[in-house]
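Enquirer: This structure is in structure tokens; I'll ask about it shortly.
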Amino acid sequence: MEVLIISIVVLGLLFDYTNGFHDAANVVSTVIATGVLAPLSAIVMAGVLNFIGATQISGVAETIATGLVEAREASQMAILAALIGAIFWNFLTWYYGIPSSSSYALIGGLIGAAWVHEGAHTVIWGGVIYKVIIPMFVSPIVGFLLAYSLMKGLYAYLRKRHQNHGETVFRHLQIGSACFVALSHGLNDAQKSMGIITLGLFAGGYLSTPHIPLWVIMACAIVMGLGTASGGFRIIRTMGFSITKIEPVQGFAAEISASAVILGASFLGMPVSSTQMIAGSITGVGTAKSLKAVSWEVPQKFLFAWILTLPGAGIVGALVYIGATWLGFS
């Protein structure tokens, strides 16, 4: 049905938009918290670079389109239900200022809807475990350790320099590292919307193979940039100011560490959470200063939200599909 495929494209782009404004905090929270850039300047910068990053194809789109559920057994209604579940979760967590993961909301919604559509066998469990579950737990730990080690090295470097040296140099360097985060965010996160739209086109018979059309790439890149440019100030306050006090040198270390992990995961086809990366890296630089410098109750809340996101969005996606079936839409 044409109505279904139009709905998938529209909701796929809406998810892309909510991903942008929901995850804008990941891109700009540290550079705003340190005062290196004004909020409006930071968000505009992030929007432009998110667009540029989104136009570069990585393995993440392929993972979403073909690596998590059997593409030939997926239905358009199941994909639509997955998108509704993910969008609902994004709005809910944005409203309460919870920096949950848009990535895992989409993946959870897709798994939940596909499961009730054709059963557990339609889920590619190897892909879910190795591309999603393991990176979900390992990637923030890697980000934490990288940020902690880099921050310790920078502290050793700065002890031999004039007191104002770090402030001056790292205010400039942090602008570059913030740009790096924005590029890597676009490279990883926009690919998820491209993958889900492509899966919908393939399931509807509009593509002979699940390859990503150019118009899907450009549409997702533009919408991701616009979403990021609209900002997510509720989550920016949580991410940038609640975990630990951030100075330019710490912001630089956190951003470099997070973007390195995101880029590595992107080229391995792992749809990781940029939210997790930034939060883990900010916690790492705070811990490098001292354990007392980190408000540990905040990362604990984040951890609870991350663990809840995958099954929570999955349940919503499943319920939407069941409701659509009951109403005769599938």
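Naming works like this for the structure tokens: A, B, ... for the chains as they're shown, residue 1 at the start of each chain, ligands 1 onward in shown order.
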Mind checking which residues fall within 9 Å of A:Thr63, counting only C-alpha atoms, ignoring those fewer than 6 positions away in the same chain, and posting them as a list in words?
Expert: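 Counting only the stated atoms, we get Gly127, Lys131, Lys192, Gly195, Gly269, Met270 and Pro271 of chain A.
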Enquirer: I'd like to know which of A:Thr325, A:Thr66, A:Thr34, A:Ser184 is closest to A:Thr122, using only C-alpha atoms.
Expert: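 Result for the nearest residue to A:Thr122: A:Thr66.
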Enquirer: Write out as a ChimeraX atom specification which residues come within 9 Å of stretch 272-277 of chain A when counting only C-alpha atoms, dropping same-chain ones fewer than 6 positions away.
Expert: /A:23,25-27,60,99-104,131-132,135-136,139-144,181,184-185,188-189,239,254-255,257-259,261-262,265-266,302-303,306
Enquirer: Mind the document's chain letters and residue numbers, and return as JSON, numbers by chain the residues of stretch 88-287 of chain A that DSSP labels helix (DSSP H, G or I).
Expert: {"A": [88, 89, 90, 91, 92, 93, 94, 95, 102, 103, 104, 105, 106, 107, 108, 109, 110, 111, 112, 113, 114, 115, 116, 117, 118, 120, 121, 122, 125, 126, 127, 128, 129, 130, 131, 132, 133, 134, 135, 136, 137, 138, 139, 140, 141, 142, 143, 144, 145, 146, 147, 148, 149, 150, 151, 152, 153, 154, 155, 156, 157, 158, 163, 164, 165, 166, 167, 168, 169, 170, 171, 172, 173, 174, 175, 176, 177, 178, 179, 180, 181, 182, 183, 184, 185, 186, 187, 188, 189, 190, 191, 192, 193, 194, 195, 196, 197, 198, 199, 200, 201, 202, 203, 214, 215, 216, 217, 218, 219, 220, 221, 222, 223, 224, 225, 226, 227, 228, 229, 230, 233, 234, 235, 236, 237, 238, 239, 240, 241, 248, 249, 250, 251, 252, 253, 254, 255, 256, 257, 258, 259, 260, 261, 262, 263, 264, 265, 266, 267, 274, 275, 276, 277, 278, 279, 280, 281, 282, 283, 284, 285, 286, 287]}
Enquirer: In Å, rounded to a single decimal, give me how far atom CA of A:Cys220 is from atom CA of A:Leu13.
Expert: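 Atom CA of A:Cys220 lies at a distance of 6.3 Å from atom CA of A:Leu13.
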Enquirer: Point out the residue among A:Gly286, A:Gly109, A:Gly314, A:Pro299 with the least atom-to-atom distance to A:Lys152, counting only C-alpha atoms.
Expert: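 Ranked by minimum distance to A:Lys152, first place goes to A:Gly286.
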Enquirer: So which one's closest to A:Val28, A:Gln191, A:Gln250, A:Ser177, A:Ser290? Using only C-alpha atoms, please.
Expert: A:Ser177
Enquirer: Smallest atom-to-atom distance to A:Ile217: which of A:Thr18, A:Thr93, A:Thr244, A:Thr198, using only C-alpha atoms?
Expert: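 Once distances to A:Ile217 are computed over only C-alpha atoms, the minimum belongs to A:Thr198.
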Enquirer: In Å, rounded to a single decimal, give me how far atom CA of A:Leu14 is from atom CA of A:Gly176.
Expert: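 For atom CA of A:Gly176 relative to atom CA of A:Leu14, the distance reads 29.2 Å.
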Enquirer: Between A:Pro248, A:Gly35, A:Gly317, A:Gly280, which residue has the minimum interatomic distance to A:Leu154, considering only C-alpha atoms?
Expert: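 Closest residue, counting only C-alpha atoms: A:Pro248.
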Enquirer: Interatomic distance between atom CA of A:Ser230 and atom CA of A:Ala86?
Expert: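 Value for the atom CA of A:Ser230-atom CA of A:Ala86 distance: 19.2 Å.
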Enquirer: Using only C-alpha atoms, find the one residue out of A:Gly251, A:Gly284, A:Pro213, A:Gly312 that sits nearest to A:His172.
Expert: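 So, comparing all the options, the nearest one is A:Gly251.
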Enquirer: Excluding same-chain residues fewer than 4 positions from stretch 49-55 of chain A, what lies within 7 Å of it counting only C-alpha atoms, as a list in words?
Expert: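 Everything that qualifies: Met45, Cys179, Ala182, Leu183, Ser184, His185, Gly186, Leu187, Ala190, Gln191, Ile217, Met218, Ala221, Ile222, Met224 and Gly225 of chain A.
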Enquirer: Please list as a list in words every residue within 12 Å of A:Tyr206, counting only C-alpha atoms and excluding residues in the same chain fewer than 3 positions away.
Expert: Met1, Glu2, Leu4, Ile5, Ile6, Gln76, Ile197, Thr198, Leu199, Gly200, Leu201, Phe202, Ala203, Thr209, Pro210, His211, Ile212 and Pro213 of chain A
